[in-house]
$ cat data_15.pdb   # PDB, C-alpha atoms, pLDDT in the B column
ATOM      1  CA  MET A   1      11.543 -10.585   6.803  1.00 92.00           C
ATOM      2  CA  LYS A   2       7.940 -11.422   5.963  1.00 97.00           C
ATOM      3  CA  SER A   3       5.211 -11.808   8.568  1.00 98.00           C
ATOM      4  CA  ILE A   4       2.794 -14.737   8.707  1.00 98.00           C
ATOM      5  CA  VAL A   5      -0.511 -15.297  10.455  1.00 98.00           C
ATOM      6  CA  VAL A   6      -1.594 -18.933  10.799  1.00 98.00           C
ATOM      7  CA  LEU A   7      -5.262 -19.898  11.155  1.00 98.00           C
ATOM      8  CA  VAL A   8      -5.968 -23.219  12.878  1.00 98.00           C
ATOM      9  CA  SER A   9      -8.808 -25.238  14.377  1.00 97.00           C
ATOM     10  CA  GLY A  10      -7.266 -28.437  15.699  1.00 96.00           C
ATOM     11  CA  SER A  11      -4.036 -30.046  16.843  1.00 96.00           C
ATOM     12  CA  GLY A  12      -1.778 -27.884  14.699  1.00 97.00           C
ATOM     13  CA  SER A  13       0.720 -30.400  13.333  1.00 97.00           C
ATOM     14  CA  ASN A  14       1.211 -28.269  10.208  1.00 98.00           C
ATOM     15  CA  LEU A  15       1.587 -25.222  12.444  1.00 98.00           C
ATOM     16  CA  GLN A  16       4.364 -27.037  14.292  1.00 98.00           C
ATOM     17  CA  ALA A  17       6.125 -27.825  11.012  1.00 98.00           C
ATOM     18  CA  ILE A  18       5.952 -24.144  10.075  1.00 98.00           C
ATOM     19  CA  ILE A  19       7.206 -23.055  13.505  1.00 98.00           C
ATOM     20  CA  ASP A  20      10.133 -25.505  13.309  1.00 98.00           C
ATOM     21  CA  ASN A  21      11.132 -24.318   9.845  1.00 98.00           C
ATOM     22  CA  CYS A  22      10.951 -20.671  10.882  1.00 98.00           C
ATOM     23  CA  ASN A  23      13.124 -21.436  13.902  1.00 97.00           C
ATOM     24  CA  ILE A  24      15.885 -22.970  11.775  1.00 97.00           C
ATOM     25  CA  LYS A  25      15.567 -20.059   9.284  1.00 97.00           C
ATOM     26  CA  TYR A  26      14.530 -22.336   6.429  1.00 97.00           C
ATOM     27  CA  ILE A  27      11.514 -20.034   6.165  1.00 98.00           C
ATOM     28  CA  ASN A  28      12.664 -16.425   6.329  1.00 97.00           C
ATOM     29  CA  ALA A  29       9.581 -15.173   8.135  1.00 98.00           C
ATOM     30  CA  GLU A  30       8.089 -14.501  11.537  1.00 98.00           C
ATOM     31  CA  ILE A  31       4.826 -16.015  12.699  1.00 98.00           C
ATOM     32  CA  LYS A  32       3.183 -12.878  13.988  1.00 98.00           C
ATOM     33  CA  CYS A  33       0.093 -14.550  15.403  1.00 98.00           C
ATOM     34  CA  VAL A  34      -1.845 -17.820  15.506  1.00 98.00           C
ATOM     35  CA  ILE A  35      -5.638 -17.499  15.347  1.00 98.00           C
ATOM     36  CA  SER A  36      -8.131 -20.241  16.107  1.00 98.00           C
ATOM     37  CA  ASN A  37     -11.909 -20.438  15.970  1.00 97.00           C
ATOM     38  CA  ASN A  38     -11.646 -23.210  18.578  1.00 97.00           C
ATOM     39  CA  PRO A  39     -10.553 -22.034  22.054  1.00 97.00           C
ATOM     40  CA  GLY A  40      -9.645 -25.621  22.953  1.00 97.00           C
ATOM     41  CA  ALA A  41      -7.394 -26.212  19.951  1.00 98.00           C
ATOM     42  CA  TYR A  42      -4.075 -27.831  20.892  1.00 98.00           C
ATOM     43  CA  ALA A  43      -2.510 -25.602  18.232  1.00 98.00           C
ATOM     44  CA  LEU A  44      -2.850 -22.675  20.646  1.00 98.00           C
ATOM     45  CA  GLN A  45      -0.719 -24.568  23.168  1.00 98.00           C
ATOM     46  CA  ARG A  46       1.887 -25.076  20.450  1.00 98.00           C
ATOM     47  CA  ALA A  47       1.883 -21.324  19.848  1.00 98.00           C
ATOM     48  CA  ASN A  48       2.246 -20.612  23.566  1.00 98.00           C
ATOM     49  CA  SER A  49       5.158 -23.038  23.818  1.00 98.00           C
ATOM     50  CA  ALA A  50       6.883 -21.189  20.978  1.00 98.00           C
ATOM     51  CA  ASN A  51       6.149 -17.773  22.536  1.00 98.00           C
ATOM     52  CA  ILE A  52       3.939 -16.793  19.596  1.00 98.00           C
ATOM     53  CA  ASP A  53       1.005 -14.452  20.137  1.00 98.00           C
ATOM     54  CA  ASN A  54      -2.295 -16.263  19.714  1.00 98.00           C
ATOM     55  CA  ILE A  55      -5.973 -15.413  19.694  1.00 98.00           C
ATOM     56  CA  ALA A  56      -9.100 -17.547  20.041  1.00 98.00           C
ATOM     57  CA  ILE A  57     -12.183 -16.259  18.238  1.00 97.00           C
ATOM     58  CA  ASN A  58     -14.924 -18.725  19.095  1.00 96.00           C
ATOM     59  CA  HIS A  59     -17.226 -18.873  16.076  1.00 95.00           C
ATOM     60  CA  LYS A  60     -20.047 -19.993  18.378  1.00 94.00           C
ATOM     61  CA  ASP A  61     -20.066 -16.524  19.913  1.00 95.00           C
ATOM     62  CA  TYR A  62     -21.227 -14.993  16.618  1.00 93.00           C
ATOM     63  CA  LEU A  63     -24.741 -15.052  15.188  1.00 92.00           C
ATOM     64  CA  SER A  64     -23.593 -15.518  11.595  1.00 91.00           C
ATOM     65  CA  ARG A  65     -20.619 -16.501   9.493  1.00 91.00           C
ATOM     66  CA  ASP A  66     -20.490 -12.917   8.251  1.00 92.00           C
ATOM     67  CA  GLU A  67     -20.178 -11.516  11.798  1.00 94.00           C
ATOM     68  CA  PHE A  68     -17.370 -13.951  12.572  1.00 95.00           C
ATOM     69  CA  ASP A  69     -15.520 -12.997   9.404  1.00 95.00           C
ATOM     70  CA  ASN A  70     -15.946  -9.291  10.162  1.00 95.00           C
ATOM     71  CA  GLU A  71     -14.119  -9.821  13.452  1.00 96.00           C
ATOM     72  CA  LEU A  72     -11.456 -11.921  11.736  1.00 97.00           C
ATOM     73  CA  ILE A  73     -10.977  -9.213   9.100  1.00 97.00           C
ATOM     74  CA  ARG A  74     -10.602  -6.585  11.827  1.00 97.00           C
ATOM     75  CA  ILE A  75      -7.869  -8.600  13.538  1.00 98.00           C
ATOM     76  CA  LEU A  76      -6.077  -9.409  10.276  1.00 98.00           C
ATOM     77  CA  ASP A  77      -6.144  -5.741   9.305  1.00 97.00           C
ATOM     78  CA  ASP A  78      -4.520  -4.849  12.628  1.00 97.00           C
ATOM     79  CA  LEU A  79      -1.851  -7.521  12.175  1.00 98.00           C
ATOM     80  CA  SER A  80      -1.286  -6.683   8.481  1.00 97.00           C
ATOM     81  CA  PRO A  81       0.541  -9.927   7.625  1.00 98.00           C
ATOM     82  CA  ASP A  82       2.326 -10.584   4.350  1.00 98.00           C
ATOM     83  CA  LEU A  83       0.852 -14.097   4.227  1.00 98.00           C
ATOM     84  CA  ILE A  84      -2.140 -15.804   5.827  1.00 98.00           C
ATOM     85  CA  VAL A  85      -1.733 -19.566   6.141  1.00 98.00           C
ATOM     86  CA  LEU A  86      -4.699 -21.869   6.713  1.00 98.00           C
ATOM     87  CA  ALA A  87      -3.412 -24.924   8.552  1.00 97.00           C
ATOM     88  CA  GLY A  88      -6.382 -27.111   9.385  1.00 95.00           C
ATOM     89  CA  PHE A  89      -8.742 -24.142   9.686  1.00 96.00           C
ATOM     90  CA  MET A  90     -12.190 -25.719   9.603  1.00 93.00           C
ATOM     91  CA  ARG A  91     -14.266 -22.682   8.716  1.00 92.00           C
ATOM     92  CA  ILE A  92     -15.524 -21.670   5.291  1.00 90.00           C
ATOM     93  CA  LEU A  93     -14.462 -18.072   4.738  1.00 92.00           C
ATOM     94  CA  THR A  94     -16.905 -15.584   3.247  1.00 91.00           C
ATOM     95  CA  GLU A  95     -16.356 -13.938  -0.107  1.00 93.00           C
ATOM     96  CA  LYS A  96     -15.853 -10.616   1.657  1.00 94.00           C
ATOM     97  CA  LEU A  97     -12.753 -11.914   3.405  1.00 95.00           C
ATOM     98  CA  THR A  98     -11.319 -13.956   0.539  1.00 95.00           C
ATOM     99  CA  LYS A  99     -11.641 -11.060  -1.913  1.00 94.00           C
ATOM    100  CA  LYS A 100     -10.037  -8.621   0.522  1.00 96.00           C
ATOM    101  CA  PHE A 101      -6.970 -10.828   0.988  1.00 97.00           C
ATOM    102  CA  ILE A 102      -6.797 -12.450  -2.458  1.00 95.00           C
ATOM    103  CA  GLY A 103      -3.250 -13.561  -3.235  1.00 96.00           C
ATOM    104  CA  LYS A 104      -2.304 -13.482   0.449  1.00 98.00           C
ATOM    105  CA  ILE A 105      -4.153 -16.572   1.725  1.00 98.00           C
ATOM    106  CA  ILE A 106      -3.063 -20.152   1.078  1.00 98.00           C
ATOM    107  CA  ASN A 107      -4.520 -23.476   2.169  1.00 97.00           C
ATOM    108  CA  ILE A 108      -3.445 -27.095   2.218  1.00 97.00           C
ATOM    109  CA  HIS A 109      -6.094 -29.703   1.417  1.00 96.00           C
ATOM    110  CA  PRO A 110      -5.770 -33.489   1.861  1.00 94.00           C
ATOM    111  CA  SER A 111      -6.727 -34.607  -1.641  1.00 95.00           C
ATOM    112  CA  LEU A 112      -5.594 -34.204  -5.209  1.00 95.00           C
ATOM    113  CA  LEU A 113      -7.914 -31.360  -6.122  1.00 94.00           C
ATOM    114  CA  PRO A 114     -10.263 -31.001  -7.916  1.00 93.00           C
ATOM    115  CA  LYS A 115     -10.983 -34.470  -6.550  1.00 93.00           C
ATOM    116  CA  TYR A 116     -12.682 -34.584  -3.128  1.00 92.00           C
ATOM    117  CA  PRO A 117     -13.089 -30.958  -2.045  1.00 91.00           C
ATOM    118  CA  GLY A 118     -14.484 -30.431   1.428  1.00 89.00           C
ATOM    119  CA  LEU A 119     -14.393 -32.952   4.268  1.00 87.00           C
ATOM    120  CA  ASN A 120     -13.843 -36.723   4.652  1.00 90.00           C
ATOM    121  CA  THR A 121     -11.294 -37.019   1.869  1.00 91.00           C
ATOM    122  CA  HIS A 122      -9.503 -40.029   3.334  1.00 90.00           C
ATOM    123  CA  GLN A 123     -12.767 -41.911   3.785  1.00 92.00           C
ATOM    124  CA  GLU A 124     -13.617 -41.225   0.139  1.00 92.00           C
ATOM    125  CA  VAL A 125     -10.247 -42.542  -1.017  1.00 90.00           C
ATOM    126  CA  ILE A 126     -10.725 -45.787   0.920  1.00 89.00           C
ATOM    127  CA  LYS A 127     -14.380 -46.173  -0.079  1.00 91.00           C
ATOM    128  CA  ASN A 128     -13.575 -45.704  -3.767  1.00 92.00           C
ATOM    129  CA  ARG A 129     -10.425 -47.864  -3.570  1.00 91.00           C
ATOM    130  CA  ASP A 130      -8.317 -45.141  -5.135  1.00 91.00           C
ATOM    131  CA  ILE A 131      -4.762 -46.198  -5.863  1.00 91.00           C
ATOM    132  CA  ILE A 132      -3.481 -42.608  -5.662  1.00 91.00           C
ATOM    133  CA  HIS A 133      -3.995 -40.042  -2.893  1.00 93.00           C
ATOM    134  CA  GLY A 134      -2.270 -36.817  -1.989  1.00 94.00           C
ATOM    135  CA  VAL A 135      -2.382 -33.177  -0.959  1.00 96.00           C
ATOM    136  CA  SER A 136      -2.934 -29.877  -2.716  1.00 96.00           C
ATOM    137  CA  ILE A 137      -1.689 -26.419  -1.794  1.00 96.00           C
ATOM    138  CA  HIS A 138      -3.643 -23.566  -3.331  1.00 96.00           C
ATOM    139  CA  TYR A 139      -4.457 -19.911  -3.081  1.00 97.00           C
ATOM    140  CA  VAL A 140      -7.785 -19.324  -1.358  1.00 96.00           C
ATOM    141  CA  THR A 141     -10.703 -17.840  -3.287  1.00 93.00           C
ATOM    142  CA  SER A 142     -14.417 -17.576  -2.551  1.00 86.00           C
ATOM    143  CA  GLU A 143     -15.049 -21.069  -3.946  1.00 87.00           C
ATOM    144  CA  LEU A 144     -14.320 -23.866  -1.470  1.00 85.00           C
ATOM    145  CA  ASP A 145     -11.060 -25.680  -2.318  1.00 88.00           C
ATOM    146  CA  CYS A 146     -11.149 -24.302  -5.872  1.00 90.00           C
ATOM    147  CA  GLY A 147      -8.443 -21.628  -5.774  1.00 93.00           C
ATOM    148  CA  PRO A 148      -5.437 -21.682  -8.146  1.00 95.00           C
ATOM    149  CA  LEU A 149      -3.171 -24.669  -7.459  1.00 94.00           C
ATOM    150  CA  ILE A 150       0.383 -24.036  -6.308  1.00 94.00           C
ATOM    151  CA  ALA A 151       1.604 -27.573  -5.681  1.00 93.00           C
ATOM    152  CA  GLN A 152       0.435 -31.147  -5.285  1.00 94.00           C
ATOM    153  CA  GLY A 153       2.053 -34.151  -3.645  1.00 93.00           C
ATOM    154  CA  GLU A 154       1.076 -37.694  -4.503  1.00 91.00           C
ATOM    155  CA  ILE A 155       1.394 -41.070  -2.799  1.00 91.00           C
ATOM    156  CA  LYS A 156       0.258 -44.556  -3.742  1.00 90.00           C
ATOM    157  CA  THR A 157      -2.278 -46.090  -1.400  1.00 89.00           C
ATOM    158  CA  LYS A 158      -1.474 -49.465   0.135  1.00 84.00           C
ATOM    159  CA  THR A 159      -3.710 -52.480   0.649  1.00 81.00           C
ATOM    160  CA  PHE A 160      -3.263 -52.280   4.425  1.00 77.00           C
ATOM    161  CA  ASP A 161      -4.146 -48.566   4.609  1.00 81.00           C
ATOM    162  CA  ASP A 162      -6.934 -47.621   6.970  1.00 87.00           C
ATOM    163  CA  ILE A 163      -7.984 -44.087   7.935  1.00 88.00           C
ATOM    164  CA  ASN A 164      -5.262 -43.766  10.580  1.00 92.00           C
ATOM    165  CA  SER A 165      -2.380 -44.956   8.417  1.00 90.00           C
ATOM    166  CA  LEU A 166      -3.548 -42.871   5.466  1.00 91.00           C
ATOM    167  CA  VAL A 167      -3.857 -39.733   7.605  1.00 91.00           C
ATOM    168  CA  ASP A 168      -0.377 -40.361   9.016  1.00 93.00           C
ATOM    169  CA  ARG A 169       1.175 -40.727   5.565  1.00 92.00           C
ATOM    170  CA  ILE A 170      -0.612 -37.647   4.239  1.00 93.00           C
ATOM    171  CA  HIS A 171       0.547 -35.616   7.250  1.00 94.00           C
ATOM    172  CA  LYS A 172       4.147 -36.536   6.454  1.00 93.00           C
ATOM    173  CA  ILE A 173       3.748 -35.070   2.969  1.00 93.00           C
ATOM    174  CA  GLU A 174       2.061 -31.955   4.314  1.00 95.00           C
ATOM    175  CA  HIS A 175       4.872 -31.330   6.794  1.00 96.00           C
ATOM    176  CA  LEU A 176       7.413 -31.503   3.958  1.00 94.00           C
ATOM    177  CA  MET A 177       5.558 -29.525   1.313  1.00 95.00           C
ATOM    178  CA  TYR A 178       3.803 -26.746   3.189  1.00 97.00           C
ATOM    179  CA  PRO A 179       6.959 -25.215   4.716  1.00 97.00           C
ATOM    180  CA  GLU A 180       8.654 -25.394   1.325  1.00 95.00           C
ATOM    181  CA  ILE A 181       5.868 -23.538  -0.469  1.00 96.00           C
ATOM    182  CA  ILE A 182       5.661 -20.967   2.351  1.00 98.00           C
ATOM    183  CA  LYS A 183       9.429 -20.474   2.058  1.00 97.00           C
ATOM    184  CA  TYR A 184       9.181 -19.694  -1.670  1.00 95.00           C
ATOM    185  CA  ILE A 185       6.199 -17.363  -1.233  1.00 97.00           C
ATOM    186  CA  CYS A 186       8.100 -15.454   1.460  1.00 98.00           C
ATOM    187  CA  GLU A 187      11.021 -15.172  -0.951  1.00 97.00           C
ATOM    188  CA  ASP A 188       8.660 -13.762  -3.629  1.00 96.00           C
ATOM    189  CA  LYS A 189       9.326 -16.777  -5.839  1.00 95.00           C
ATOM    190  CA  ILE A 190       5.674 -17.789  -5.923  1.00 95.00           C
ATOM    191  CA  SER A 191       2.833 -15.303  -6.303  1.00 95.00           C
ATOM    192  CA  LEU A 192      -0.674 -14.926  -7.654  1.00 95.00           C
ATOM    193  CA  ASN A 193      -1.218 -12.582 -10.578  1.00 92.00           C
ATOM    194  CA  SER A 194      -4.612 -12.259 -12.304  1.00 89.00           C
ATOM    195  CA  ASN A 195      -5.670 -15.643 -10.915  1.00 88.00           C
ATOM    196  CA  GLN A 196      -2.527 -17.288 -12.302  1.00 92.00           C
ATOM    197  CA  VAL A 197       0.204 -18.756 -10.093  1.00 93.00           C
ATOM    198  CA  LYS A 198       3.584 -17.344 -11.091  1.00 92.00           C
ATOM    199  CA  PHE A 199       6.935 -19.004 -10.352  1.00 91.00           C
ATOM    200  CA  LYS A 200      10.175 -16.992 -10.342  1.00 90.00           C
ATOM    201  CA  ASN A 201      13.760 -18.241 -10.109  1.00 86.00           C
ATOM    202  CA  ILE A 202      12.806 -21.733  -8.972  1.00 82.00           C
ATOM    203  CA  LYS A 203      15.065 -24.234 -10.673  1.00 66.00           C
ATOM    204  CA  THR A 204      13.030 -27.199  -9.470  1.00 59.00           C
ATOM    205  CA  LYS A 205       9.750 -25.864 -10.876  1.00 55.00           C
ATOM    206  CA  ASP A 206       8.490 -29.280 -11.992  1.00 55.00           C
ATOM    207  CA  TYR A 207       9.297 -30.708  -8.560  1.00 59.00           C
ATOM    208  CA  ILE A 208       7.352 -27.955  -6.833  1.00 63.00           C
ATOM    209  CA  ILE A 209       4.292 -28.310  -9.038  1.00 62.00           C
ATOM    210  CA  TYR A 210       3.910 -32.053  -8.684  1.00 68.00           C
ATOM    211  CA  ASN A 211       5.791 -34.225  -6.199  1.00 74.00           C
ATOM    212  CA  LYS A 212       5.655 -37.983  -5.834  1.00 77.00           C
ATOM    213  CA  TYR A 213       6.607 -39.418  -2.474  1.00 76.00           C
ATOM    214  CA  GLU A 214       7.506 -42.907  -1.298  1.00 75.00           C
ATOM    215  CA  ILE A 215       5.913 -42.608   2.143  1.00 74.00           C
TER
END
$ encode --input "data_15.pdb" --output "structure tokens"
Amino acid sequence: MKSIVVLVSGSGSNLQAIIDNCNIKYINAEIKCVISNNPGAYALQRANSANIDNIAINHKDYLSRDEFDNELIRILDDLSPDLIVLAGFMRILTEKLTKKFIGKIINIHPSLLPKYPGLNTHQEVIKNRDIIHGVSIHYVTSELDCGPLIAQGEIKTKTFDDINSLVDRIHKIEHLMYPEIIKYICEDKISLNSNQVKFKNIKTKDYIIYNKYEI
């Protein structure tokens, strides 16, 4: 059974989806620890409720991003997880950390990358009147939201969509897709090799790479 560490900053709805799918054995893995840079993150309460070890590392207690990442690296080395999952982790990781754990860190981003990296993706979609929106799951590298793509999920925007409805619809996709990709990585069916995402023994390869949802 593989071990997972989940990094969070906020409410942890994706964390909850991962916890639920581990509990029903859809994901054959154990969440070894939940780590947050925000001591007040509701995600830590979710971890407590599920009896999962959790740690708060307040980034405000560190003089630099590098010092914070050094502490995070120390903890991750002690935990030695098979997979590190960013689930709403609102910190840019330094190159030192991303290079050390290359191929072991994944992230989910609420846009169809390379479109709209960074923050405020939903606002950009509404402002630009995009007819398509979605999520991207990728391996993490030193470049923000530019790592090799694993999967993308797409929805059509609706005329009545505002920020709240769009966020809600995107969350529904995330909660379906992220556990599925984590499941396949833990089964060694998805991996990163020389900056290329490799798929093994996945019959629904096209479905995994690009999903369209009626949500």
$ resolve_selection --input "data_15.pdb" --expression "the PyMOL selection byres ((chain A and resi 11) around 8)" --output "number ranges by chain"
A: 9-10, 12-13, 41-43
$ closest_residue --input "data_15.pdb" --among "A:Ala29, A:Ile155, A:Leu119, A:Leu79" --to "Ile170 of chain A" --atoms "only C-alpha atoms"
A:Ile155
$ resolve_selection --input "data_15.pdb" --expression "the PyMOL selection byres ((chain A and resi 163) around 12)" --output "PyMOL selection string"
chain A and resi 120-127+157-162+164-170
$ residues_around --input "data_15.pdb" --residues "segment 44-53 of chain A" --least-positions-apart "5" --cutoff "12 Å" --atoms "all atoms listed in the file" --output "VMD selection string"
chain A and resid 4 to 20 22 to 23 30 to 39 79
$ residues_near_point --input "data_15.pdb" --point "(-14.5, -21.7, 8.3)" --cutoff "9 Å" --atoms "all atoms listed in the file" --output "list of chain:residue names"
A:Asn37, A:His59, A:Arg65, A:Asp69, A:Phe89, A:Met90, A:Arg91, A:Ile92, A:Leu93, A:Thr94
$ residues_around --input "data_15.pdb" --residues "Asn21 of chain A" --least-positions-apart "6" --cutoff "9 Å" --atoms "all atoms listed in the file" --output "list in words"
Ile27, Asn28, Pro179, Glu180 and Lys183 of chain A
$ resolve_selection --input "data_15.pdb" --expression "the PyMOL selection byres ((chain A and resi 106-118) around 8)" --output "PDB file with C-alpha atoms, in the frame of the given file"
ATOM      1  CA  LEU A  83       0.852 -14.097   4.227  1.00 98.00           C
ATOM      2  CA  ILE A  84      -2.140 -15.804   5.827  1.00 98.00           C
ATOM      3  CA  VAL A  85      -1.733 -19.566   6.141  1.00 98.00           C
ATOM      4  CA  LEU A  86      -4.699 -21.869   6.713  1.00 98.00           C
ATOM      5  CA  ALA A  87      -3.412 -24.924   8.552  1.00 97.00           C
ATOM      6  CA  GLY A  88      -6.382 -27.111   9.385  1.00 95.00           C
ATOM      7  CA  GLY A 103      -3.250 -13.561  -3.235  1.00 96.00           C
ATOM      8  CA  LYS A 104      -2.304 -13.482   0.449  1.00 98.00           C
ATOM      9  CA  ILE A 105      -4.153 -16.572   1.725  1.00 98.00           C
ATOM     10  CA  LEU A 119     -14.393 -32.952   4.268  1.00 87.00           C
ATOM     11  CA  ASN A 120     -13.843 -36.723   4.652  1.00 90.00           C
ATOM     12  CA  THR A 121     -11.294 -37.019   1.869  1.00 91.00           C
ATOM     13  CA  HIS A 122      -9.503 -40.029   3.334  1.00 90.00           C
ATOM     14  CA  GLU A 124     -13.617 -41.225   0.139  1.00 92.00           C
ATOM     15  CA  HIS A 133      -3.995 -40.042  -2.893  1.00 93.00           C
ATOM     16  CA  GLY A 134      -2.270 -36.817  -1.989  1.00 94.00           C
ATOM     17  CA  VAL A 135      -2.382 -33.177  -0.959  1.00 96.00           C
ATOM     18  CA  SER A 136      -2.934 -29.877  -2.716  1.00 96.00           C
ATOM     19  CA  ILE A 137      -1.689 -26.419  -1.794  1.00 96.00           C
ATOM     20  CA  HIS A 138      -3.643 -23.566  -3.331  1.00 96.00           C
ATOM     21  CA  TYR A 139      -4.457 -19.911  -3.081  1.00 97.00           C
ATOM     22  CA  VAL A 140      -7.785 -19.324  -1.358  1.00 96.00           C
ATOM     23  CA  LEU A 144     -14.320 -23.866  -1.470  1.00 85.00           C
ATOM     24  CA  ASP A 145     -11.060 -25.680  -2.318  1.00 88.00           C
ATOM     25  CA  CYS A 146     -11.149 -24.302  -5.872  1.00 90.00           C
ATOM     26  CA  GLN A 152       0.435 -31.147  -5.285  1.00 94.00           C
ATOM     27  CA  GLY A 153       2.053 -34.151  -3.645  1.00 93.00           C
ATOM     28  CA  GLU A 154       1.076 -37.694  -4.503  1.00 91.00           C
ATOM     29  CA  ILE A 170      -0.612 -37.647   4.239  1.00 93.00           C
ATOM     30  CA  GLU A 174       2.061 -31.955   4.314  1.00 95.00           C
ATOM     31  CA  TYR A 178       3.803 -26.746   3.189  1.00 97.00           C
TER      32      TYR A 178
END
$ atom_distance --input "data_15.pdb" --atom1 "atom CA of Asn195 of chain A" --atom2 "atom CA of Asn70 of chain A"
24.3 Å
$ atom_distance --input "data_15.pdb" --atom1 "atom CA of Glu143 of chain A" --atom2 "atom CA of Ile73 of chain A"
18.1 Å
$ residues_near_point --input "data_15.pdb" --point "(-2.8, -13.8, -9.1)" --cutoff "9 Å" --atoms "only C-alpha atoms" --output "list of chain:residue names"
A:Ile102, A:Gly103, A:Tyr139, A:Pro148, A:Ser191, A:Leu192, A:Asn193, A:Ser194, A:Asn195, A:Gln196, A:Val197, A:Lys198
$ axis_aligned_box --input "data_15.pdb" --around "segment 9-13 of chain A" --padding-each-side "4 Å" --output "JSON"
{"center_x": -4.0, "center_y": -27.8, "center_z": 15.1, "size_x": 17.5, "size_y": 13.2, "size_z": 11.5}
$ atom_distance --input "data_15.pdb" --atom1 "atom CA of Tyr62 of chain A" --atom2 "atom CA of Thr141 of chain A"
22.7 Å
$ closest_residue --input "data_15.pdb" --among "A:Cys186, A:Ile132, A:Lys99, A:Ile181" --to "Gly147 of chain A" --atoms "all atoms listed in the file"
A:Lys99
$ closest_residue --input "data_15.pdb" --among "A:Asn58, A:Ser142, A:Asn211, A:Asn128" --to "Gly40 of chain A" --atoms "all atoms listed in the file"
A:Asn58
